[in-house]
Amino acid sequence: MPNKSDILIIGGGAAGFFTAINAAEQNPELKIIILERGKEVLTKVKVSGGGRCNVTHAKFLPKELTQNYPRGEKELLGPFHSFMTGDTIEWFSKRGVELKIEEDGRMFPATDSSQTIIDCFISETERLGVDVLKGQSVKSIEHFDSAQHPFWKLGTLSDEFSAEKLVIATGSNPKIWKVLESLEHTIVPPVPSLFTFNIDDKRIKDLPGLSTEASVKILNENKKTILESEGPLLITHWGMSGPAILKLSAWGARLLEPTKYHFRVQVNWLLDASKESISEKLKSLKIELAKKTVLKNAQFDLPKRLWQSLVDASDISETTTWADISKEQINNLASQLTESRFNVHGKSTFKEEFVTAGGVKLKEVDFKTLESKKHKNLYFAGEVLNIDAITGGFNFQNAWTGGYLVAQSIAK
């Protein structure tokens with residue numbers, strides 16, 4: 001005999017737990033089971049934000065919040081009117097978990113430990129009588145459409161389960177996507193999002209660890225800009241990372257995949273300053289700093305090591321004074337400062353947080369309830385959908401909002 005329940009949730013991650021806890025609170029009579037394929041639950045919560053768990057982001061207007069989702073921007077506007085950042089803060093606060101805002105807007109538990117979030121979820125499921133079963137890898141999902149009592153039947157490696165309502169909160173799980181295709185859902189093929197750029201270039205070779213504000217463009221073959229972003233850029237041992245780069249990787253996930261991650265970027269180390277205005281400024285420095293050497297006198301508030309590297313790349317020797325700098329060298333330096341071009345040859349995963357663009361096609365889901373338009377009583381929460389965000393707590397906010405809406409709609 002299958003294990004019977006009212007609600008079956010596949011996936012013991014952020015979205016699955018949030019759905020279960022909210023549904024059980026709305027309706028304590030419901031029997032709810034979470035099925036997790038691994039030995040541990042909430043593994044992504046544990047590693048997120050370097051083990052601190054980046055719970056959400058301090059953006060408090062739905063429209064502004066949606067602008068951080070390369071896929072899902074339009075669809076999430078309605079859901080965010082129902083449950084967003086302020087609601088997340090209040091939800092955790094009511095359960096004794098205070099969140100704090102960092103300078104860049106990211107929000108973490110005040111304890112700086114993801115274990116705080118995990119402990120909160122585990123104790124809530126225990127308090128509310130939600131069953132959490134581990135080592136349950138789902139092999140099959142069937143829908144029985146009997147007129148009186150339609151239900152879902154699930155087979156795992158060891159057991160059978162049945163429930164009236166089924167919630168899929170499995171994140172980017174190709175096996176579950178395959179099963180969903182057999183249930184007539186369209187899966188948008190996954191491609192990596194949130195990755196760093198591999199760049200082998202002597203200008204940045206000796207600068208790992210250096211971080212500075214910059215504006216970055218991705219160029220096509222005709223040197224036209226196809227995407228741009230700005231923000232902190234971090235030079236690493238293998239190339240470039242930091243928010244400016246990660247934003248480009250998220251918004252460019254679909255564009256960059258066909259290039260096999262071989263493309264060109266152009267960096268303006270002075271944000272929006274033009275090459276012309278910088279040339280003029282360099283000409284005036286030629287007079288103001290005549291006797292000083294160019295290499296040793298960093299300008300424009302640039303980190304000293306970066307300035308020296310760009311001066312070197314402009315064919316200016318370490319003994320050249322500002323008075324001796326030639327027209328051509330001024331032109332070279334203005335170019336290096338405002339339009340340094342780099343060849344990208346590959347990508348690296350950003351930390352342990354592997355994010356993909358792809359999943360259940362959004363047109364097949366009702367965003368008032370997150371119910372499938374193909375099957376009644378089938379719901380989706382989190383990254384199983386073709387929704388993904390830039391780094392900074394936005395992917396978790398999507399999980400909380402989705403879980404809350406699903407809970408609202410099924411608990412009724």
# chains A, B, ... in the order shown; residues from 1 in each chain; ligands from 1
>>> select_by_dssp(residues="region 20-163 of chain A", states="strand (DSSP E)", output="ChimeraX atom specification")
/A:32-35,56-57,99-101,106-109,131-133,138-144,151-156,160-163
>>> write_last_selection(atoms="C-alpha atoms", output="PDB file, in the first residue's frame")
ATOM      1  CA  ILE A  32       2.417  16.677   4.556  1.00  0.00           C
ATOM      2  CA  ILE A  33       5.465  14.684   3.442  1.00  0.00           C
ATOM      3  CA  ILE A  34       8.741  16.061   2.058  1.00  0.00           C
ATOM      4  CA  LEU A  35      10.761  13.597  -0.037  1.00  0.00           C
ATOM      5  CA  THR A  56      17.271  37.807   0.572  1.00  0.00           C
ATOM      6  CA  HIS A  57      18.166  41.297  -0.674  1.00  0.00           C
ATOM      7  CA  LEU A  99      18.254  39.277   9.566  1.00  0.00           C
ATOM      8  CA  LYS A 100      20.781  42.057   8.965  1.00  0.00           C
ATOM      9  CA  ILE A 101      21.497  44.150   5.863  1.00  0.00           C
ATOM     10  CA  ARG A 106      22.552  41.409   0.791  1.00  0.00           C
ATOM     11  CA  MET A 107      20.748  40.092   3.865  1.00  0.00           C
ATOM     12  CA  PHE A 108      22.067  37.411   6.216  1.00  0.00           C
ATOM     13  CA  PRO A 109      21.025  35.967   9.557  1.00  0.00           C
ATOM     14  CA  ASP A 131       7.348  14.225   7.744  1.00  0.00           C
ATOM     15  CA  VAL A 132      10.788  14.663   6.165  1.00  0.00           C
ATOM     16  CA  LEU A 133      11.989  11.479   4.447  1.00  0.00           C
ATOM     17  CA  VAL A 138      11.735   9.718  -7.199  1.00  0.00           C
ATOM     18  CA  LYS A 139      11.604   7.382 -10.194  1.00  0.00           C
ATOM     19  CA  SER A 140       8.047   7.802 -11.450  1.00  0.00           C
ATOM     20  CA  ILE A 141       5.105  10.180 -11.152  1.00  0.00           C
ATOM     21  CA  GLU A 142       1.630   9.196 -12.328  1.00  0.00           C
ATOM     22  CA  HIS A 143      -1.645  11.070 -12.264  1.00  0.00           C
ATOM     23  CA  PHE A 144      -4.895   9.189 -11.699  1.00  0.00           C
ATOM     24  CA  PHE A 151      -4.641  11.736  -6.990  1.00  0.00           C
ATOM     25  CA  TRP A 152      -0.908  11.511  -7.659  1.00  0.00           C
ATOM     26  CA  LYS A 153       1.107   8.330  -7.280  1.00  0.00           C
ATOM     27  CA  LEU A 154       4.878   8.378  -6.863  1.00  0.00           C
ATOM     28  CA  GLY A 155       7.434   5.622  -6.943  1.00  0.00           C
ATOM     29  CA  THR A 156      10.854   6.000  -5.283  1.00  0.00           C
ATOM     30  CA  GLU A 160       5.310   4.188  -3.054  1.00  0.00           C
ATOM     31  CA  PHE A 161       3.455   7.360  -2.116  1.00  0.00           C
ATOM     32  CA  SER A 162       0.130   8.897  -3.030  1.00  0.00           C
ATOM     33  CA  ALA A 163      -1.344  12.340  -2.434  1.00  0.00           C
TER      34      ALA A 163
END
>>> residues_around(residues="Lys165 (chain A)", least_positions_apart="6", cutoff="9 Å", atoms="only C-alpha atoms", output="CSV table (one decimal) with N, CA and C atoms, in the first residue's frame")
chain,number,residue,atom,x,y,z
A,5,SER,N,-0.9,10.8,1.8
A,5,SER,CA,-0.8,12.1,2.4
A,5,SER,C,-1.7,13.0,1.7
A,6,ASP,N,-1.9,14.2,2.2
A,6,ASP,CA,-2.6,15.3,1.5
A,6,ASP,C,-1.7,16.0,0.5
A,7,ILE,N,-0.5,16.3,1.0
A,7,ILE,CA,0.4,17.0,0.1
A,7,ILE,C,1.8,16.3,0.1
A,8,LEU,N,2.3,16.0,-1.1
A,8,LEU,CA,3.6,15.5,-1.2
A,8,LEU,C,4.5,16.5,-1.8
A,9,ILE,N,5.6,16.8,-1.2
A,9,ILE,CA,6.6,17.8,-1.7
A,9,ILE,C,7.9,17.0,-2.1
A,151,PHE,N,-5.8,11.7,-7.9
A,151,PHE,CA,-4.6,11.7,-7.0
A,151,PHE,C,-3.4,11.5,-7.8
A,152,TRP,N,-2.2,11.7,-7.1
A,152,TRP,CA,-0.9,11.5,-7.7
A,152,TRP,C,-0.3,10.3,-7.0
A,376,LYS,N,-4.2,19.7,-12.9
A,376,LYS,CA,-4.7,20.2,-11.6
A,376,LYS,C,-4.0,19.6,-10.5
A,377,ASN,N,-3.8,20.4,-9.4
A,377,ASN,CA,-3.1,19.9,-8.2
A,377,ASN,C,-1.7,19.5,-8.3
A,378,LEU,N,-1.0,20.1,-9.4
A,378,LEU,CA,0.4,20.0,-9.5
A,378,LEU,C,1.0,21.4,-9.4
A,379,TYR,N,2.0,21.6,-8.5
A,379,TYR,CA,2.5,22.9,-8.2
A,379,TYR,C,4.0,22.9,-8.3
A,410,ILE,N,-2.7,25.7,-1.8
A,410,ILE,CA,-3.1,24.3,-1.5
A,410,ILE,C,-3.8,24.2,-0.1
>>> closest_residue(among="A:Lys286, A:Lys74, A:Arg52, A:Arg341", to="Lys363 (chain A)", atoms="only C-alpha atoms")
A:Lys74
>>> select_by_dssp(residues="region 127-271 of chain A", states="helix (DSSP H, G or I)", output="PyMOL selection string")
chain A and resi 127-128+174-182+202-205+243-251+253-259
